[in-house]
Amino acid sequence: MSSYPNAHPHETDVEVKAGVVSVSTTRFKKYGRVRGVNKIPQDDESSKIVVKELGCVDYILVEDSIPEIIKAIFDLNCNTVITVGGTGITPKDVTVEAVRAVLKKEIEGFGEIFRYESYREIGVHAVLSRAIAGVLENGNVVFCLPGSKKAVELGVRLIKPVLKHVLSHAKGLR
């Protein structure tokens, strides 16, 4: 958590407009491309956590495909995108590759803190995490979280207290 009781001194009161890109070929085969927070599939518990905790205004379900992930990130009319899933090391996990292809700057500290906190919770298996965050050319931010419920809960705990601060800097407002 932030050591600042209120806003960080370099934070502006920027409006957060968050959206979720859920990356799951299994779910995609079952439901197809789904759009809208009121249409999240019942079995996508992780995305529901993100929507509830960050007040997300949009949601898109896509398959594990670099072009589809990139398209979804830019289809959301949001200044903050949270991807859920596809961050592992199996051949089909391509979320990190898709996002890195469109980042202007990576926020390395997010992945480092995520892995550190994961290590505290699950031990050495945290080395498998490829959680990342970064800034797009337009100043919007993207956070990539693993798809497990526990990983998403951790990610939201890390994102929520710093999100306005991150956006303030990413948008060049501070």
# chains A, B, ... in the order shown; residues from 1 in each chain; ligands from 1
$ residues_around --residues "stretch 9-23 of chain A" --least-positions-apart "3" --cutoff "6 Å" --atoms "only C-alpha atoms" --output "VMD selection string"
chain A and resid 56 to 64 78 to 86 165 168 174
$ closest_atom_pairs --of "stretch 32-105 of chain A" --to "stretch 144-158 of chain A" --cutoff "10 Å" --atoms "only C-alpha atoms" --output "CSV"
residue,atom,partner,partner_atom,distance
A:Asp44,CA,A:Gly147,CA,9.2
A:Glu45,CA,A:Lys149,CA,6.9
A:Ser46,CA,A:Lys149,CA,4.9
A:Ser47,CA,A:Val152,CA,8.1
A:Lys48,CA,A:Lys149,CA,9.7
A:Ile49,CA,A:Glu153,CA,7.2
A:Val50,CA,A:Val156,CA,6.7
A:Val51,CA,A:Val156,CA,10.0
A:Glu53,CA,A:Val156,CA,7.1
A:Leu54,CA,A:Val156,CA,7.6
A:Val81,CA,A:Cys144,CA,8.4
A:Ile82,CA,A:Cys144,CA,5.9
A:Thr83,CA,A:Cys144,CA,4.7
A:Val84,CA,A:Gly147,CA,5.0
A:Gly85,CA,A:Gly147,CA,3.9
A:Gly86,CA,A:Pro146,CA,6.6
A:Thr87,CA,A:Pro146,CA,5.4
A:Gly88,CA,A:Pro146,CA,7.1
A:Thr95,CA,A:Cys144,CA,7.5
A:Val96,CA,A:Cys144,CA,7.1
A:Val99,CA,A:Cys144,CA,8.1
$ select_by_dssp --residues "chain A" --states "alpha helix (DSSP H)" --output "PyMOL selection string"
chain A and resi 25-31+45-54+66-75+95-100+108-122+149-159+163-170
$ atom_distance --atom1 "atom CA of A:Lys52" --atom2 "atom CA of A:Glu108"
25.7 Å
$ select_by_dssp --residues "chain A" --states "strand (DSSP E)" --output "short mmCIF file (atom, residue, chain, number, x, y, z; two decimals) with C-alpha atoms, in the first residue's frame"
data_model
loop_
_atom_site.label_atom_id
_atom_site.label_comp_id
_atom_site.auth_asym_id
_atom_site.auth_seq_id
_atom_site.Cartn_x
_atom_site.Cartn_y
_atom_site.Cartn_z
CA ALA A 18 -10.60 1.43 -16.82
CA GLY A 19 -11.40 -1.55 -19.00
CA VAL A 20 -10.56 -5.25 -19.01
CA VAL A 21 -9.25 -7.43 -21.83
CA SER A 22 -9.77 -11.05 -20.83
CA VAL A 23 -7.46 -13.36 -22.79
CA VAL A 34 -17.74 -10.81 -25.82
CA ARG A 35 -17.98 -7.07 -25.18
CA ASP A 58 -15.75 -1.89 -20.49
CA TYR A 59 -14.75 -5.53 -21.04
CA ILE A 60 -13.64 -7.55 -24.05
CA LEU A 61 -13.02 -11.31 -24.21
CA VAL A 62 -10.50 -12.40 -26.86
CA THR A 80 -6.37 2.21 -18.21
CA VAL A 81 -6.43 -1.33 -19.58
CA ILE A 82 -6.07 -4.41 -17.41
CA THR A 83 -5.40 -7.63 -19.29
CA VAL A 84 -6.26 -10.85 -17.50
CA LEU A 103 4.32 -0.03 -25.36
CA LYS A 104 6.19 3.24 -25.46
CA LYS A 105 7.58 2.68 -21.96
CA GLU A 106 7.53 -0.31 -19.66
CA ILE A 132 4.03 -6.35 -16.68
CA ALA A 133 2.76 -2.80 -17.02
CA GLY A 134 3.52 0.06 -19.33
CA VAL A 135 2.52 3.23 -21.10
CA LEU A 136 1.15 3.39 -24.63
CA VAL A 141 -1.56 2.60 -19.28
CA VAL A 142 -1.76 -1.18 -19.50
CA PHE A 143 -1.35 -3.70 -16.68
CA CYS A 144 -1.03 -7.38 -17.60
CA LEU A 145 -2.12 -9.82 -14.92
#
$ closest_residue --among "A:Ile159, A:Asn140, A:Asp75, A:Ile107" --to "A:Lys171" --atoms "only C-alpha atoms"
A:Asn140
